[in-house]
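Heads up, protein_18.cif below (mmCIF, C-alpha atoms and all ligand atoms):
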data_run
#
loop_
_atom_site.label_atom_id
_atom_site.label_comp_id
_atom_site.auth_asym_id
_atom_site.auth_seq_id
_atom_site.Cartn_x
_atom_site.Cartn_y
_atom_site.Cartn_z
CA MET A 1 119.04 132.19 95.30
CA LYS A 2 115.50 130.75 95.21
CA GLY A 3 115.16 128.05 97.83
CA LYS A 4 118.19 129.28 99.80
CA ARG A 5 117.91 130.54 103.37
CA GLY A 6 120.44 132.83 104.97
CA LEU A 7 121.27 134.88 108.02
CA ILE A 8 122.23 138.56 107.76
CA MET A 9 124.13 139.97 110.76
CA GLY A 10 125.07 143.65 110.91
CA VAL A 11 122.22 145.78 109.59
CA ALA A 12 122.07 148.99 111.64
CA ASN A 13 120.20 151.13 109.09
CA ASP A 14 119.69 151.55 105.36
CA HIS A 15 123.28 152.76 104.90
CA SER A 16 124.74 149.52 106.29
CA ILE A 17 126.80 147.31 104.00
CA ALA A 18 124.75 144.33 105.27
CA TRP A 19 121.62 146.09 104.02
CA GLY A 20 123.08 146.47 100.50
CA ILE A 21 123.87 142.74 100.57
CA ALA A 22 120.42 141.77 101.93
CA GLN A 23 118.62 143.73 99.23
CA LYS A 24 120.61 142.06 96.46
CA LEU A 25 120.00 138.59 97.93
CA ALA A 26 116.27 139.20 98.33
CA GLU A 27 116.05 140.52 94.77
CA HIS A 28 117.40 137.14 93.67
CA GLY A 29 114.89 135.16 95.69
CA ALA A 30 116.75 134.31 98.94
CA GLU A 31 114.81 133.93 102.19
CA LEU A 32 116.46 135.98 104.93
CA ALA A 33 116.70 136.15 108.72
CA PHE A 34 118.14 139.27 110.38
CA THR A 35 119.81 140.04 113.67
CA TYR A 36 119.99 143.38 115.45
CA GLN A 37 122.08 144.63 118.35
CA GLY A 38 119.87 146.16 121.05
CA GLU A 39 116.29 147.42 121.04
CA ALA A 40 117.04 150.84 119.48
CA LEU A 41 118.56 149.23 116.38
CA GLY A 42 115.77 146.63 116.45
CA ARG A 43 113.26 149.40 115.77
CA ARG A 44 115.24 150.35 112.65
CA VAL A 45 115.99 146.84 111.42
CA THR A 46 112.44 145.45 111.78
CA PRO A 47 110.77 147.59 109.06
CA LEU A 48 113.77 147.09 106.76
CA ALA A 49 113.59 143.30 107.15
CA GLU A 50 109.82 143.37 106.67
CA SER A 51 110.22 145.37 103.46
CA LEU A 52 112.13 142.35 102.08
CA GLY A 53 109.37 139.98 103.19
CA SER A 54 111.17 138.69 106.31
CA ASN A 55 109.53 138.23 109.68
CA PHE A 56 112.55 136.40 111.13
CA ILE A 57 114.26 139.10 113.18
CA VAL A 58 116.27 138.11 116.26
CA PRO A 59 118.34 140.13 118.76
CA CYS A 60 122.02 139.18 119.01
CA ASP A 61 124.96 140.85 120.68
CA VAL A 62 128.11 138.89 119.87
CA GLU A 63 129.73 139.94 123.15
CA ASP A 64 127.07 137.85 124.87
CA ILE A 65 127.67 134.26 123.78
CA GLU A 66 124.28 133.17 125.19
CA SER A 67 122.52 135.45 122.70
CA VAL A 68 124.58 133.87 119.89
CA ASP A 69 123.54 130.40 121.08
CA GLN A 70 119.89 131.49 121.32
CA LEU A 71 120.06 132.85 117.77
CA PHE A 72 121.26 129.54 116.31
CA ALA A 73 118.79 127.57 118.43
CA GLU A 74 116.03 129.74 116.96
CA ILE A 75 117.30 129.15 113.40
CA GLU A 76 117.43 125.41 113.99
CA LYS A 77 113.88 125.48 115.38
CA ARG A 78 112.40 127.56 112.54
CA TRP A 79 114.41 126.47 109.53
CA GLY A 80 116.31 123.31 110.55
CA SER A 81 119.20 124.24 108.27
CA LEU A 82 120.99 127.23 106.77
CA ASP A 83 122.56 127.92 103.35
CA PHE A 84 124.56 131.09 104.00
CA VAL A 85 125.60 133.67 106.59
CA VAL A 86 126.73 137.28 106.24
CA HIS A 87 128.87 138.58 109.14
CA ALA A 88 129.09 142.38 108.80
CA ILE A 89 130.00 143.25 112.38
CA GLY A 90 132.77 145.46 113.69
CA PHE A 91 133.40 147.62 116.72
CA SER A 92 136.17 149.50 118.47
CA ASP A 93 136.23 152.37 120.94
CA LYS A 94 136.06 155.42 118.70
CA SER A 95 138.49 157.36 120.88
CA GLN A 96 141.21 154.89 119.81
CA LEU A 97 140.51 155.21 116.09
CA LYS A 98 142.43 158.43 116.16
CA GLY A 99 146.10 159.27 116.45
CA SER A 100 149.03 156.98 116.90
CA TYR A 101 148.19 153.24 117.21
CA VAL A 102 151.15 152.49 119.44
CA ASP A 103 150.21 155.25 121.89
CA VAL A 104 146.41 155.17 122.06
CA THR A 105 145.59 151.45 122.10
CA THR A 106 144.70 149.96 125.48
CA ARG A 107 144.72 146.27 126.38
CA GLU A 108 141.03 146.45 127.28
CA ASN A 109 139.93 147.94 123.95
CA PHE A 110 142.34 145.73 121.97
CA THR A 111 140.69 142.66 123.50
CA ARG A 112 137.14 143.94 123.05
CA THR A 113 137.79 144.93 119.42
CA MET A 114 139.24 141.48 118.72
CA VAL A 115 136.33 139.64 120.33
CA ILE A 116 133.62 141.62 118.53
CA SER A 117 135.30 142.25 115.17
CA CYS A 118 137.29 139.04 114.78
CA PHE A 119 136.53 136.15 117.13
CA SER A 120 132.75 136.52 116.68
CA PHE A 121 133.29 135.33 113.10
CA THR A 122 134.84 132.09 114.37
CA GLU A 123 132.06 131.57 116.92
CA ILE A 124 129.36 132.22 114.33
CA SER A 125 130.97 130.06 111.64
CA LYS A 126 131.21 127.15 114.08
CA ARG A 127 127.52 127.34 114.92
CA ALA A 128 126.40 128.03 111.34
CA ALA A 129 128.37 125.02 110.03
CA GLN A 130 126.37 122.74 112.34
CA LEU A 131 123.27 123.81 110.41
CA MET A 132 124.83 123.27 106.96
CA PRO A 133 124.68 119.48 106.41
CA ASN A 134 124.70 119.93 102.62
CA GLY A 135 127.33 122.66 102.47
CA GLY A 136 126.98 126.43 102.49
CA SER A 137 128.69 129.78 102.13
CA ILE A 138 129.87 132.14 104.87
CA LEU A 139 131.00 135.72 104.25
CA THR A 140 132.63 138.41 106.35
CA LEU A 141 133.52 142.05 105.67
CA THR A 142 137.01 143.46 105.94
CA TYR A 143 138.96 146.56 104.96
CA GLY A 144 142.36 147.14 103.29
CA GLY A 145 143.69 148.72 106.51
CA SER A 146 144.46 145.08 107.40
CA VAL A 147 147.39 144.85 105.00
CA ARG A 148 148.50 148.47 104.59
CA VAL A 149 148.52 151.26 107.13
CA MET A 150 145.54 153.63 106.99
CA PRO A 151 145.76 156.69 109.22
CA ASN A 152 143.54 156.33 112.31
CA TYR A 153 142.29 152.82 111.43
CA ASN A 154 144.63 151.55 114.15
CA VAL A 155 143.41 148.55 116.16
CA MET A 156 140.65 147.90 113.61
CA GLY A 157 143.40 147.22 111.03
CA VAL A 158 144.97 144.70 113.38
CA ALA A 159 141.58 143.07 114.01
CA LYS A 160 140.83 142.91 110.27
CA ALA A 161 144.20 141.23 109.62
CA ALA A 162 143.29 138.62 112.23
CA LEU A 163 139.80 138.32 110.76
CA GLU A 164 141.20 137.61 107.28
CA ALA A 165 143.59 135.00 108.72
CA SER A 166 140.73 133.37 110.67
CA MET A 167 138.65 133.33 107.50
CA ARG A 168 141.39 131.28 105.78
CA TYR A 169 141.72 128.84 108.71
CA ILE A 170 137.95 128.38 108.87
CA ALA A 171 137.81 127.90 105.08
CA SER A 172 140.39 125.13 105.38
CA ASP A 173 138.56 123.48 108.29
CA LEU A 174 135.10 123.59 106.71
CA GLY A 175 136.07 122.97 103.07
CA PRO A 176 135.78 119.17 103.35
CA ARG A 177 132.14 119.73 104.41
CA ASN A 178 131.56 121.81 101.24
CA ILE A 179 131.21 124.99 103.29
CA ARG A 180 132.92 127.93 101.62
CA VAL A 181 134.24 130.88 103.64
CA ASN A 182 135.28 134.19 102.09
CA ALA A 183 135.73 137.89 102.84
CA ILE A 184 134.89 141.02 100.91
CA SER A 185 137.37 143.83 101.43
CA ALA A 186 135.20 146.86 100.76
CA GLY A 187 136.32 150.37 99.97
CA PRO A 188 135.19 153.10 102.39
CA VAL A 189 131.42 153.57 102.75
CA ARG A 190 129.62 156.24 104.78
CA THR A 191 128.05 154.12 107.53
CA LEU A 192 127.73 154.40 111.31
CA ALA A 193 130.84 152.23 111.80
CA GLY A 194 132.73 154.13 109.09
CA ALA A 195 131.97 157.45 110.76
CA GLY A 196 133.76 156.26 113.93
CA ILE A 197 137.18 156.58 112.26
CA ALA A 198 138.78 159.99 112.71
CA ASP A 199 138.93 162.03 109.52
CA ALA A 200 136.98 159.37 107.59
CA ARG A 201 136.02 162.09 105.14
CA SER A 202 139.56 162.50 103.82
CA MET A 203 140.01 158.71 103.52
CA PHE A 204 136.79 158.66 101.52
CA SER A 205 137.77 161.43 99.12
CA PHE A 206 141.42 160.27 98.74
CA GLN A 207 140.34 156.78 97.72
CA LYS A 208 137.74 158.21 95.38
CA ASP A 209 140.28 160.46 93.65
CA HIS A 210 143.03 157.82 93.39
CA SER A 211 141.28 154.52 92.73
CA PRO A 212 141.36 153.25 89.10
CA LEU A 213 137.57 153.63 88.81
CA ARG A 214 137.67 157.14 90.38
CA LYS A 215 134.74 156.47 92.67
CA ASN A 216 133.68 155.20 96.07
CA VAL A 217 131.82 151.92 96.02
CA LEU A 218 128.08 151.73 96.67
CA ILE A 219 126.50 149.22 99.04
CA GLU A 220 124.61 147.84 96.00
CA GLU A 221 127.97 147.07 94.37
CA ILE A 222 129.21 145.28 97.47
CA GLY A 223 125.85 143.45 97.43
CA GLY A 224 126.49 142.24 93.87
CA SER A 225 129.84 140.74 94.81
CA ALA A 226 128.33 139.19 97.94
CA LEU A 227 125.59 137.62 95.83
CA TYR A 228 128.28 135.92 93.72
CA LEU A 229 130.19 134.67 96.77
CA LEU A 230 127.03 133.40 98.49
CA SER A 231 125.58 131.72 95.41
CA ASP A 232 126.55 128.59 93.48
CA LEU A 233 128.28 130.83 90.89
CA SER A 234 131.34 130.82 93.18
CA ASN A 235 131.32 127.08 94.02
CA GLY A 236 135.04 126.87 93.20
CA VAL A 237 136.03 129.75 95.50
CA THR A 238 136.95 129.61 99.18
CA GLY A 239 139.44 131.29 101.55
CA GLU A 240 139.48 134.38 99.35
CA THR A 241 139.65 138.06 100.27
CA HIS A 242 137.84 139.70 97.37
CA TYR A 243 138.41 143.44 96.97
CA VAL A 244 135.38 145.56 96.13
CA ASP A 245 137.12 148.90 96.37
CA ALA A 246 137.06 150.42 92.87
CA GLY A 247 140.57 148.94 92.48
CA TYR A 248 142.21 151.14 95.11
CA ASN A 249 144.25 148.23 96.55
CA ILE A 250 146.37 147.86 93.39
CA ILE A 251 147.66 151.43 93.53
CA SER A 252 151.07 152.01 95.07
CA MET A 253 151.15 155.78 94.62
CA PRO A 254 148.92 158.20 92.73
CA HIS A 255 150.17 159.40 89.34
CA PRO A 256 152.47 162.40 89.92
CA ASP A 257 150.18 164.56 87.74
CA GLU A 258 147.37 163.92 90.21
CA VAL A 259 149.21 164.69 93.43
CA LYS A 260 148.25 168.11 94.64
CA THR A 261 151.23 170.10 95.85
P1 LIG B 301 127.31 149.67 110.28
O1 LIG B 301 127.52 150.57 111.45
O2 LIG B 301 126.12 149.93 109.43
O3 LIG B 301 127.31 148.15 110.72
C1 LIG B 301 128.12 147.65 111.78
C2 LIG B 301 127.27 146.63 112.49
O4 LIG B 301 128.01 145.98 113.51
C3 LIG B 301 126.04 147.27 113.15
O5 LIG B 301 124.86 146.66 112.66
C4 LIG B 301 126.24 146.95 114.62
O6 LIG B 301 125.03 146.73 115.31
C5 LIG B 301 127.08 145.69 114.53
N1 LIG B 301 127.75 145.39 115.80
C6 LIG B 301 128.72 146.09 116.44
N2 LIG B 301 128.98 145.52 117.63
C7 LIG B 301 128.19 144.42 117.72
C8 LIG B 301 127.97 143.42 118.72
N3 LIG B 301 128.63 143.45 119.88
N4 LIG B 301 127.05 142.44 118.48
C9 LIG B 301 126.34 142.43 117.32
N5 LIG B 301 126.49 143.35 116.35
C10 LIG B 301 127.40 144.33 116.56
O7 LIG B 301 128.66 149.80 109.43
P2 LIG B 301 129.21 148.99 108.16
O8 LIG B 301 130.25 149.89 107.61
O9 LIG B 301 128.11 148.53 107.31
O10 LIG B 301 129.97 147.77 108.83
C11 LIG B 301 129.76 146.42 108.47
C12 LIG B 301 131.09 145.70 108.34
O11 LIG B 301 131.77 146.21 107.18
C13 LIG B 301 132.05 145.90 109.52
O12 LIG B 301 132.75 144.70 109.74
C14 LIG B 301 133.01 146.95 108.97
O13 LIG B 301 134.26 146.92 109.62
C15 LIG B 301 133.11 146.50 107.54
N6 LIG B 301 133.64 147.49 106.59
C16 LIG B 301 133.18 148.75 106.57
C17 LIG B 301 133.71 149.67 105.67
C18 LIG B 301 133.23 151.10 105.65
O14 LIG B 301 133.93 151.95 105.09
N7 LIG B 301 132.08 151.42 106.18
C19 LIG B 301 134.71 149.27 104.76
C20 LIG B 301 135.15 147.95 104.78
C21 LIG B 301 134.61 147.06 105.72
#

As structure tokens:
Amino acid sequence: MKGKRGLIMGVANDHSIAWGIAQKLAEHGAELAFTYQGEALGRRVTPLAESLGSNFIVPCDVEDIESVDQLFAEIEKRWGSLDFVVHAIGFSDKSQLKGSYVDVTTRENFTRTMVISCFSFTEISKRAAQLMPNGGSILTLTYGGSVRVMPNYNVMGVAKAALEASMRYIASDLGPRNIRVNAISAGPVRTLAGAGIADARSMFSFQKDHSPLRKNVLIEEIGGSALYLLSDLSNGVTGETHYVDAGYNIISMPHPDEVKT
């Protein structure tokens, strides 16, 4: 990744998936810029970014389109161009990540979840592409609750399905400009966002017990797959949802010997 410059969006702390990705990219020589959402997270993100040799740390709340525009104006001013972007952003009202989707979801939270967790990827890709005259790679993070029902994941599952579909449309639009667009579908990780889902603990242990690799994935492992998708090693890959979930997505039902009665 030496000589490549990229933007990392979505570090909240050192448990964040975006942080696992940033560490792996920095280890391989990439130069990184970071965003943070709000001053409180800024105080956490700044020392983390500095520990990877970055002093390019910019506030950005994707609900506020002006802050998104300011971010890309700043990147254009400082770097002129961009090689890759990591979008690791998601949000929904926690009170609706619990219970029955059809009953708890409000129009207001549906819309807000979609704007932050899905449409922000389109808005960011559009702006990033303008700074990628020689091609580039854009990555988002999704979860298997987009294609199969996960208890309590609710509106986030709907937003992730839309995010994966947008990823494919954007990949098709930007492919002729040699800009690749992919998603990593990560297994459950204990992060701030992950903790917002009711009974996340049982989701975590069920997937650990029943995935082929019998483990939960680490942010370093997600980082390794992100490194591949953001580097030239994956120059033939776009529009792909790549599972980094210890293989859980291939399982239809656990082996009868393993089901506790
Ligand atoms: P996290 O809480 O560490 O990161 C979520 C990030 O989203 C935070 O940095 C937060 O500031 C940012 N964010 C939320 N609203 C925002 C806004 N309006 N503007 C700008 N940033 C905003 O949690 P994480 O688990 O690392 O989440 C990163 C991504 O990975 C999310 O898209 C999440 O859905 C996805 N993901 C998480 C898991 C998991 O189990 N944790 C699994 C698969 C996918």

Give me the residues near segment 68-75 of chain A as a short mmCIF file (atom, residue, chain, number, x, y, z; two decimals) with C-alpha atoms, in the frame of the given file, where near means some atom within 10 Å (using all atoms listed in the file) and where sequence neighbours in that chain fewer than 6 positions away do not count.
data_model
loop_
_atom_site.label_atom_id
_atom_site.label_comp_id
_atom_site.auth_asym_id
_atom_site.auth_seq_id
_atom_site.Cartn_x
_atom_site.Cartn_y
_atom_site.Cartn_z
CA GLY A 6 120.44 132.83 104.97
CA LEU A 7 121.27 134.88 108.02
CA ALA A 33 116.70 136.15 108.72
CA PHE A 34 118.14 139.27 110.38
CA THR A 35 119.81 140.04 113.67
CA PHE A 56 112.55 136.40 111.13
CA ILE A 57 114.26 139.10 113.18
CA VAL A 58 116.27 138.11 116.26
CA PRO A 59 118.34 140.13 118.76
CA CYS A 60 122.02 139.18 119.01
CA ASP A 61 124.96 140.85 120.68
CA VAL A 62 128.11 138.89 119.87
CA SER A 81 119.20 124.24 108.27
CA LEU A 82 120.99 127.23 106.77
CA SER A 120 132.75 136.52 116.68
CA GLU A 123 132.06 131.57 116.92
CA ILE A 124 129.36 132.22 114.33
CA ARG A 127 127.52 127.34 114.92
CA ALA A 128 126.40 128.03 111.34
CA GLN A 130 126.37 122.74 112.34
CA LEU A 131 123.27 123.81 110.41
#

request  = Grab me every residue within 6 Å of ligand LIG 301 (chain B), counting only C-alpha atoms and all ligand atoms, and send it over as a list in words.
outcome  =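 So the residues close to ligand LIG 301 (chain B) are Gly10, Val11, Ala12, Ser16, Ile17, Ala18, Gln37, Cys60, Asp61, Val62, Glu63, Ala88, Ile89, Gly90, Phe91, Ile116, Leu141, Thr142, Tyr143, Ser185, Ala186, Gly187, Pro188, Val189, Arg190, Thr191, Leu192, Ala193 and Gly194 of chain A.
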
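Proximity ranking of A:Glu27, A:Asp14, A:Asp209, A:Glu164 relative to Gly224 of chain A places A:Glu27 first, based on all atoms listed in the file.
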
Exercise on segment 57-60 of chain A, axis-aligned box with 8 Å per side, report centre and edge lengths in Å to one decimal, as AutoDock Vina command-line options:
--center_x 118.1 --center_y 139.1 --center_z 116.1 --size_x 23.8 --size_y 18.0 --size_z 21.8

task = Would you mind reading off the distance between atom CA of Glu258 of chain A and atom CA of Ser205 of chain A, one decimal, in Å?
result =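 Taking atom CA of Glu258 of chain A and atom CA of Ser205 of chain A, their separation equals 13.3 Å.
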
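The shortest atom-to-atom distance to Leu229 of chain A, with all atoms listed in the file taken into account, belongs to A:Leu139 out of A:His255, A:Val158, A:Pro151, A:Leu139.
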